[in-house]
Amino acid sequence: MSRLDRTTSTAQPQPLSRPARAAAAALGRRWKLPAPLNAVQVVRDVDVPMRDGATLRADVYLPTTPGPHPTVLLRSPYGRGLGFALPMTVPYAERGYAVVIQSVRGTFGSGGEFSPVVHEEHDGQDTVAWLREQPWFDGRLATLGPSYLGYTQWALALDPPPELKAMVLHIGPHDLAQAGLIDGAFQLTNLSIWTDLVAHQEQVGFVRGLLRLATAERRLTPFLGELPLQGLAERFGGNPAPWFDEWLAHPDLEDPYWDRYRATPAVHSSTVPTLLISGWQDWFVEQTLYQYAALRDRGVDVGMTIGPWAHLTIDAAVTTPESLAWLNAHLPVAGAPEAEPRKARVQVYDTGARTWRAMPDWPPASTDREFFLSADGRLADDAPAEAGETTFRYDPMDPTPSVGGRVLAGSAGQRDNRELEARDDVRTFTTPSLRTPVQLMGGARIRLHVNPDNPYADLFLRLCDVEPNGKSVNITDRLIRLDPAPGEEPTTGERVVETTLPDTAHLFRAGHRVRLQVSGGAHPRYARNLGTGEPVGEATHGVPTTHRICSGGATPSSVTLPVG
C-alpha cells in the first residue's frame, strides 16, 4: 500500500456538529444561497505528503451523497478552525462539492517552515498529485479563496494541472513584491498588521485572533513611529517573522530577491476560467484589475466583480453566491439546478451613485475631462494664464498622517479627510460646485510640475469628493517615491510627475466638488521617506523637504478624469 493510500484509508469521516450545521443554515439564509443538495461530513487532520518529505495537514468536507465529486481546493496559512473555514467550505460541500482546506507549510500542524508564498508552487502541485489518488475526487478541480489563498491559486496556475477547471479569487494578489512595495514605498501598516497576525495566530486561537486583528492598528501604531524599522517584527512579539526585515532590506522591485514572491507568469499564460472579486478600497485591487485585463486580452473566460469594500470588509453575501454560480457553470454538480448565466462579465459598485453597474468590459469607453491647478487652490477647466506656485513643508519627524484608504485595518476605506486637510503640510485643489454630475470610470491621471528641495522625497496624491456640507471623502490615491533610481545621481530641480491613480467607479453628484489632495506622505500606511537616502530599515533620523507645485503658464499641472 502506498503512502498516499495509507493516508486515505486511516481517516474516518464524521458528521458536522449541530452548531456547525446551524451556522451553515443561517449563512445560507442570510446569503440567499440555493437550497442544499446534501448533508456534509468532514475528515480532519489528513496528511498530504510533499516531494521533500514534509507532510501538510488538511481537512476534507465531503457530501454525504455517493461520490466521486468535483473538488474545491483552498490552501491557507490561517488555520482550519470552523470560525475561519466554515463559511468557505460548508456552503460548497452542501451543494455537491468535496472541499479540501489545507494548512500551508509551517502552519497549524503542517510540516516544514513557513516562508510567505515561496513554497506554494511546488506544494500546490504535490497536493494535486495527492488528490488524484483520492476515491472521492472525480477528476475536476477548482480553487477558491481570499487574499493569501488567492496567491496560492496563481502559484498552482504557473503550471496548471489538467484537472483545474476553474479559479475563484477573492481580493488575491499574484505579485507580493508589488503588493508590499508599490512604487518603492514600504507599506508599513499593511505588512506590520499581517506579520503580527501570522506571528500570533497559533498562540491565541480564532476568537482572540479576531480581537487582535480588530485592535491591531491601535496596538501597533506606537511601534510604527519608532526608528529604525529593522527589528520591528521582534518588538511585536509572537513567533519569529524573519521575512519582515528581509523585505525592508530589499526596497528595489527589480531586485532578483523578489522573483520568488511573484506568480505573474501565470496571469499571462493561464487559460483557466477565472472569477475575480475585489473592492475599490482593497489592498490588492490594482492586481485584480491587472489580472482581469491580462486574461481578457487573451480571450480567457473571466468575470470580475468589484464592490465598495476594503480588504477586511468584503461582503460574503455577494461573493459566495457569485462564487457558487461560477463553480456551477464550470464544474456542474449532478442534480443541481442549471447555473444561471452571469449578468455581465464585469459588475462594479459605483461609490458615488451607491449602486451596482453591470457592463461588458472594464474600463468602459470614456472621454477625458481635464482640470487645472491654480496657486490659489482652485481646480478649474481652464489653465491659469499666469504661472503660480504652491508650497508646503514635509517633516518626516512629524509626518503627515494617513487616513482611511487601502489598509488592512478597521479604519480602511472612505473617510472624512477634513481634519487631515487642515494641516499645514497638506495642500488641496478644488473645483467649484459641479453644475452637472461627473462620472469617473477608470483611473484619474495626475500631471504635476514639482520642485522639491530634497532629492529624497515622496508625494501622496489623493482624489476626494467634497460634499455640499464640506465633508471631503477619499476616492482613490497613490504614493509616488521621487528618490533617484539605484546608481542615479541625486539631484534637485523642477521635474514633471505623471501617474495614474488606481481605477474606480464614482459619480461626483451635482452640487459636489472634485478635490485633489497633495502631501509629502501618509504615515504609517507607508514608511515615511526620511529624506536622507539611507536604507529604509536602517535610518534613524530625518530631514524636512519643501515641495513646490508649479501651476499655470508654461508649466500647467492638471487632473484628468476619464468620464463615462
# chains A, B, ... in the order shown; residues from 1 in each chain; ligands from 1

$ residues_around --residues "Asp123 in chain A" --least-positions-apart "2" --cutoff "9 Å" --atoms "only C-alpha atoms" --output "number ranges by chain"
A: 50-51, 56, 104-105, 119-121, 125-128, 156

$ residues_around --residues "range 165-178 of chain A" --least-positions-apart "2" --cutoff "6 Å" --atoms "only C-alpha atoms" --output "PyMOL selection string"
chain A and resi 141-147+150-151+180-182+261-264+272-278+284+287

$ write_last_selection --atoms "N, CA and C atoms" --output "PDB file, in the first residue's frame"
ATOM      1  N   LEU A 141     -11.309  19.856 -10.794  1.00  0.00           N
ATOM      2  CA  LEU A 141     -10.785  20.641  -9.670  1.00  0.00           C
ATOM      3  C   LEU A 141     -11.038  22.124  -9.893  1.00  0.00           C
ATOM      4  N   ALA A 142     -11.414  22.799  -8.813  1.00  0.00           N
ATOM      5  CA  ALA A 142     -11.458  24.262  -8.786  1.00  0.00           C
ATOM      6  C   ALA A 142     -10.674  24.737  -7.573  1.00  0.00           C
ATOM      7  N   THR A 143     -10.171  25.951  -7.643  1.00  0.00           N
ATOM      8  CA  THR A 143      -9.515  26.561  -6.491  1.00  0.00           C
ATOM      9  C   THR A 143     -10.324  27.774  -6.062  1.00  0.00           C
ATOM     10  N   LEU A 144     -10.194  28.121  -4.779  1.00  0.00           N
ATOM     11  CA  LEU A 144     -11.048  29.147  -4.203  1.00  0.00           C
ATOM     12  C   LEU A 144     -10.327  29.798  -3.033  1.00  0.00           C
ATOM     13  N   GLY A 145     -10.638  31.072  -2.797  1.00  0.00           N
ATOM     14  CA  GLY A 145     -10.198  31.677  -1.547  1.00  0.00           C
ATOM     15  C   GLY A 145      -9.743  33.107  -1.677  1.00  0.00           C
ATOM     16  N   PRO A 146      -9.674  33.793  -0.509  1.00  0.00           N
ATOM     17  CA  PRO A 146      -9.303  35.200  -0.483  1.00  0.00           C
ATOM     18  C   PRO A 146      -7.841  35.429  -0.114  1.00  0.00           C
ATOM     19  N   SER A 147      -7.332  36.582  -0.517  1.00  0.00           N
ATOM     20  CA  SER A 147      -6.050  37.127  -0.037  1.00  0.00           C
ATOM     21  C   SER A 147      -4.915  36.143  -0.316  1.00  0.00           C
ATOM     22  N   GLY A 150      -5.638  33.472  -2.532  1.00  0.00           N
ATOM     23  CA  GLY A 150      -5.627  33.828  -3.938  1.00  0.00           C
ATOM     24  C   GLY A 150      -4.253  33.627  -4.547  1.00  0.00           C
ATOM     25  N   TYR A 151      -3.208  34.023  -3.803  1.00  0.00           N
ATOM     26  CA  TYR A 151      -1.854  33.813  -4.327  1.00  0.00           C
ATOM     27  C   TYR A 151      -1.587  32.325  -4.550  1.00  0.00           C
ATOM     28  N   GLY A 180       3.481  44.802  -1.685  1.00  0.00           N
ATOM     29  CA  GLY A 180       4.044  45.371  -0.472  1.00  0.00           C
ATOM     30  C   GLY A 180       4.906  46.587  -0.681  1.00  0.00           C
ATOM     31  N   LEU A 181       5.410  46.776  -1.906  1.00  0.00           N
ATOM     32  CA  LEU A 181       6.363  47.849  -2.162  1.00  0.00           C
ATOM     33  C   LEU A 181       5.931  48.663  -3.374  1.00  0.00           C
ATOM     34  N   ILE A 182       4.677  49.110  -3.400  1.00  0.00           N
ATOM     35  CA  ILE A 182       4.199  49.879  -4.540  1.00  0.00           C
ATOM     36  C   ILE A 182       5.046  51.135  -4.703  1.00  0.00           C
ATOM     37  N   TYR A 261       8.688  35.733  -5.013  1.00  0.00           N
ATOM     38  CA  TYR A 261       7.421  36.225  -4.480  1.00  0.00           C
ATOM     39  C   TYR A 261       6.426  36.565  -5.593  1.00  0.00           C
ATOM     40  N   ARG A 262       6.711  36.142  -6.804  1.00  0.00           N
ATOM     41  CA  ARG A 262       5.871  36.502  -7.940  1.00  0.00           C
ATOM     42  C   ARG A 262       5.343  35.263  -8.657  1.00  0.00           C
ATOM     43  N   ALA A 263       4.042  35.279  -8.936  1.00  0.00           N
ATOM     44  CA  ALA A 263       3.440  34.277  -9.813  1.00  0.00           C
ATOM     45  C   ALA A 263       2.891  34.942 -11.066  1.00  0.00           C
ATOM     46  N   THR A 264       3.469  36.064 -11.438  1.00  0.00           N
ATOM     47  CA  THR A 264       2.975  36.861 -12.564  1.00  0.00           C
ATOM     48  C   THR A 264       2.915  36.075 -13.877  1.00  0.00           C
ATOM     49  N   VAL A 272      -7.399  29.023 -17.606  1.00  0.00           N
ATOM     50  CA  VAL A 272      -8.430  28.500 -16.716  1.00  0.00           C
ATOM     51  C   VAL A 272      -9.519  29.555 -16.518  1.00  0.00           C
ATOM     52  N   PRO A 273     -10.793  29.226 -16.697  1.00  0.00           N
ATOM     53  CA  PRO A 273     -11.861  30.191 -16.418  1.00  0.00           C
ATOM     54  C   PRO A 273     -11.748  30.733 -14.997  1.00  0.00           C
ATOM     55  N   THR A 274     -11.767  32.054 -14.864  1.00  0.00           N
ATOM     56  CA  THR A 274     -11.406  32.687 -13.593  1.00  0.00           C
ATOM     57  C   THR A 274     -12.400  33.773 -13.223  1.00  0.00           C
ATOM     58  N   LEU A 275     -12.890  33.709 -11.985  1.00  0.00           N
ATOM     59  CA  LEU A 275     -13.717  34.772 -11.424  1.00  0.00           C
ATOM     60  C   LEU A 275     -12.872  35.570 -10.445  1.00  0.00           C
ATOM     61  N   LEU A 276     -12.835  36.883 -10.644  1.00  0.00           N
ATOM     62  CA  LEU A 276     -12.058  37.792  -9.811  1.00  0.00           C
ATOM     63  C   LEU A 276     -13.006  38.680  -9.013  1.00  0.00           C
ATOM     64  N   ILE A 277     -12.786  38.758  -7.701  1.00  0.00           N
ATOM     65  CA  ILE A 277     -13.619  39.590  -6.832  1.00  0.00           C
ATOM     66  C   ILE A 277     -12.712  40.468  -5.990  1.00  0.00           C
ATOM     67  N   SER A 278     -13.025  41.766  -5.939  1.00  0.00           N
ATOM     68  CA  SER A 278     -12.203  42.686  -5.168  1.00  0.00           C
ATOM     69  C   SER A 278     -13.065  43.842  -4.681  1.00  0.00           C
ATOM     70  N   PHE A 284      -5.292  44.940  -2.687  1.00  0.00           N
ATOM     71  CA  PHE A 284      -4.815  44.315  -3.917  1.00  0.00           C
ATOM     72  C   PHE A 284      -5.657  44.659  -5.148  1.00  0.00           C
ATOM     73  N   GLN A 287      -3.978  44.725  -8.512  1.00  0.00           N
ATOM     74  CA  GLN A 287      -3.578  43.431  -9.052  1.00  0.00           C
ATOM     75  C   GLN A 287      -4.777  42.696  -9.649  1.00  0.00           C
TER      76      GLN A 287
END

$ select_by_dssp --residues "range 346-409 of chain A" --states "strand (DSSP E or B)" --output "JSON, numbers by chain"
{"A": [346, 347, 348, 349, 350, 355, 356, 357, 358, 359, 367, 368, 369, 370, 371, 372, 373, 378, 379, 380, 388, 389, 390, 391, 392, 393, 394, 401, 405]}

$ closest_residue --among "A:Leu324, A:Leu379, A:Ala365, A:Val333" --to "Gln439 in chain A" --atoms "only C-alpha atoms"
A:Ala365

$ closest_residue --among "A:Asp453, A:Glu370, A:Asp503, A:Glu217" --to "Trp194 in chain A" --atoms "only C-alpha atoms"
A:Glu217

$ residues_around --residues "Gly28 in chain A" --least-positions-apart "2" --cutoff "10 Å" --atoms "only C-alpha atoms" --output "PDB file with N, CA and C atoms, in the first residue's frame"
ATOM      1  N   ALA A  22     -26.094  24.382  12.188  1.00  0.00           N
ATOM      2  CA  ALA A  22     -26.968  25.541  12.403  1.00  0.00           C
ATOM      3  C   ALA A  22     -26.349  26.802  11.825  1.00  0.00           C
ATOM      4  N   ALA A  23     -25.027  26.960  12.015  1.00  0.00           N
ATOM      5  CA  ALA A  23     -24.346  28.143  11.481  1.00  0.00           C
ATOM      6  C   ALA A  23     -24.393  28.152   9.964  1.00  0.00           C
ATOM      7  N   ALA A  24     -24.182  26.991   9.358  1.00  0.00           N
ATOM      8  CA  ALA A  24     -24.216  26.906   7.894  1.00  0.00           C
ATOM      9  C   ALA A  24     -25.613  27.231   7.369  1.00  0.00           C
ATOM     10  N   ALA A  25     -26.645  26.750   8.060  1.00  0.00           N
ATOM     11  CA  ALA A  25     -28.017  27.042   7.621  1.00  0.00           C
ATOM     12  C   ALA A  25     -28.307  28.534   7.725  1.00  0.00           C
ATOM     13  N   ALA A  26     -27.824  29.166   8.799  1.00  0.00           N
ATOM     14  CA  ALA A  26     -28.040  30.602   8.967  1.00  0.00           C
ATOM     15  C   ALA A  26     -27.332  31.393   7.874  1.00  0.00           C
ATOM     16  N   ARG A  30     -28.965  33.896   5.083  1.00  0.00           N
ATOM     17  CA  ARG A  30     -28.508  35.285   5.018  1.00  0.00           C
ATOM     18  C   ARG A  30     -27.952  35.619   3.643  1.00  0.00           C
ATOM     19  N   TRP A  31     -27.240  34.683   3.044  1.00  0.00           N
ATOM     20  CA  TRP A  31     -26.594  34.935   1.756  1.00  0.00           C
ATOM     21  C   TRP A  31     -27.487  34.558   0.577  1.00  0.00           C
ATOM     22  N   LYS A  32     -28.709  34.040   0.871  1.00  0.00           N
ATOM     23  CA  LYS A  32     -29.679  33.683  -0.158  1.00  0.00           C
ATOM     24  C   LYS A  32     -29.098  32.662  -1.136  1.00  0.00           C
ATOM     25  N   LEU A  33     -28.501  31.614  -0.574  1.00  0.00           N
ATOM     26  CA  LEU A  33     -27.895  30.572  -1.388  1.00  0.00           C
ATOM     27  C   LEU A  33     -28.951  29.587  -1.868  1.00  0.00           C
ATOM     28  N   PRO A  34     -28.682  28.865  -2.938  1.00  0.00           N
ATOM     29  CA  PRO A  34     -29.595  27.799  -3.353  1.00  0.00           C
ATOM     30  C   PRO A  34     -29.744  26.760  -2.240  1.00  0.00           C
ATOM     31  N   ALA A  35     -30.825  26.048  -2.246  1.00  0.00           N
ATOM     32  CA  ALA A  35     -31.063  25.037  -1.220  1.00  0.00           C
ATOM     33  C   ALA A  35     -29.959  23.986  -1.240  1.00  0.00           C
ATOM     34  N   PRO A  36     -29.532  23.506  -0.067  1.00  0.00           N
ATOM     35  CA  PRO A  36     -28.521  22.443  -0.040  1.00  0.00           C
ATOM     36  C   PRO A  36     -29.004  21.194  -0.758  1.00  0.00           C
ATOM     37  N   PRO A  87     -17.362  29.183   6.657  1.00  0.00           N
ATOM     38  CA  PRO A  87     -18.003  29.956   5.576  1.00  0.00           C
ATOM     39  C   PRO A  87     -17.438  29.672   4.192  1.00  0.00           C
ATOM     40  N   VAL A  90     -18.331  24.687   3.983  1.00  0.00           N
ATOM     41  CA  VAL A  90     -19.626  24.010   4.104  1.00  0.00           C
ATOM     42  C   VAL A  90     -20.635  24.472   3.058  1.00  0.00           C
ATOM     43  N   PRO A  91     -20.761  25.767   2.733  1.00  0.00           N
ATOM     44  CA  PRO A  91     -21.729  26.144   1.699  1.00  0.00           C
ATOM     45  C   PRO A  91     -21.493  25.434   0.375  1.00  0.00           C
ATOM     46  N   GLU A  94     -22.214  21.484   0.915  1.00  0.00           N
ATOM     47  CA  GLU A  94     -23.654  21.229   0.974  1.00  0.00           C
ATOM     48  C   GLU A  94     -24.286  21.206  -0.413  1.00  0.00           C
ATOM     49  N   ALA A 317     -22.146  37.965   1.366  1.00  0.00           N
ATOM     50  CA  ALA A 317     -23.493  37.851   0.808  1.00  0.00           C
ATOM     51  C   ALA A 317     -23.498  38.107  -0.693  1.00  0.00           C
ATOM     52  N   THR A 320     -20.216  34.887  -2.080  1.00  0.00           N
ATOM     53  CA  THR A 320     -20.480  33.454  -2.037  1.00  0.00           C
ATOM     54  C   THR A 320     -21.462  33.016  -3.123  1.00  0.00           C
ATOM     55  N   PRO A 321     -22.607  33.700  -3.306  1.00  0.00           N
ATOM     56  CA  PRO A 321     -23.474  33.303  -4.433  1.00  0.00           C
ATOM     57  C   PRO A 321     -22.780  33.402  -5.784  1.00  0.00           C
TER      58      PRO A 321
END

$ residues_around --residues "Arg260 in chain A" --least-positions-apart "2" --cutoff "8 Å" --atoms "only C-alpha atoms" --output "list in words"
Val117, Val118, Tyr257, Trp258 and Arg262 of chain A

$ atom_distance --atom1 "CA of His523 in chain A" --atom2 "CA of Thr351 in chain A"
25.2 Å

$ closest_residue --among "A:Val466, A:Val48, A:Leu461, A:Val563" --to "Gly511 in chain A" --atoms "only C-alpha atoms"
A:Val466

$ residues_around --residues "Ala233 in chain A" --least-positions-apart "6" --cutoff "9 Å" --atoms "only C-alpha atoms" --output "VMD selection string"
chain A and resid 192 195 to 196 199 240 to 242 244 to 245

$ closest_residue --among "A:Gln414, A:Thr288, A:Gln201, A:Thr215" --to "Asn239 in chain A" --atoms "only C-alpha atoms"
A:Gln201

$ residues_around --residues "Thr64 in chain A" --least-positions-apart "3" --cutoff "10 Å" --atoms "only C-alpha atoms" --output "NGL selection string"
:A and (13 or 15 or 37-42 or 61 or 67 or 93-94 or 96 or 98)

$ write_last_selection --atoms "C-alpha atoms" --output "compact mmCIF listing (two decimals), in the first residue's frame"
# COMPACT_ATOMS: atom_id res chain seq x y z
CA PRO A 13 -15.42 10.96 8.07
CA PRO A 15 -20.79 14.33 10.61
CA LEU A 37 -28.36 19.21 -2.01
CA ASN A 38 -26.90 17.06 0.74
CA ALA A 39 -25.58 16.84 4.29
CA VAL A 40 -21.84 17.17 4.94
CA GLN A 41 -19.26 15.04 6.70
CA VAL A 42 -15.68 16.02 7.47
CA TYR A 61 -15.52 18.27 3.69
CA GLY A 67 -19.12 10.15 -4.97
CA ALA A 93 -19.89 20.95 0.31
CA GLU A 94 -23.65 21.23 0.97
CA GLY A 96 -22.25 18.77 -4.05
CA ALA A 98 -15.78 17.94 -2.00

$ residues_around --residues "Asn190 in chain A" --least-positions-apart "4" --cutoff "9 Å" --atoms "only C-alpha atoms" --output "VMD selection string"
chain A and resid 180 194 to 195 283 406 to 409 525 to 526

$ write_last_selection --atoms "C-alpha atoms" --output "mmCIF file, in the first residue's frame"
data_model
loop_
_atom_site.group_PDB
_atom_site.id
_atom_site.type_symbol
_atom_site.label_atom_id
_atom_site.label_comp_id
_atom_site.auth_asym_id
_atom_site.auth_seq_id
_atom_site.Cartn_x
_atom_site.Cartn_y
_atom_site.Cartn_z
ATOM 1 C CA GLY A 180 4.044 45.371 -0.472
ATOM 2 C CA TRP A 194 -0.236 40.947 8.568
ATOM 3 C CA THR A 195 3.080 39.978 10.184
ATOM 4 C CA TRP A 283 -5.076 46.388 -0.705
ATOM 5 C CA ARG A 406 -6.451 50.657 1.200
ATOM 6 C CA VAL A 407 -5.217 49.442 4.585
ATOM 7 C CA LEU A 408 -5.596 46.174 6.478
ATOM 8 C CA ALA A 409 -7.416 47.822 9.374
ATOM 9 C CA ARG A 525 0.309 53.459 5.926
ATOM 10 C CA TYR A 526 3.591 53.956 4.080
#
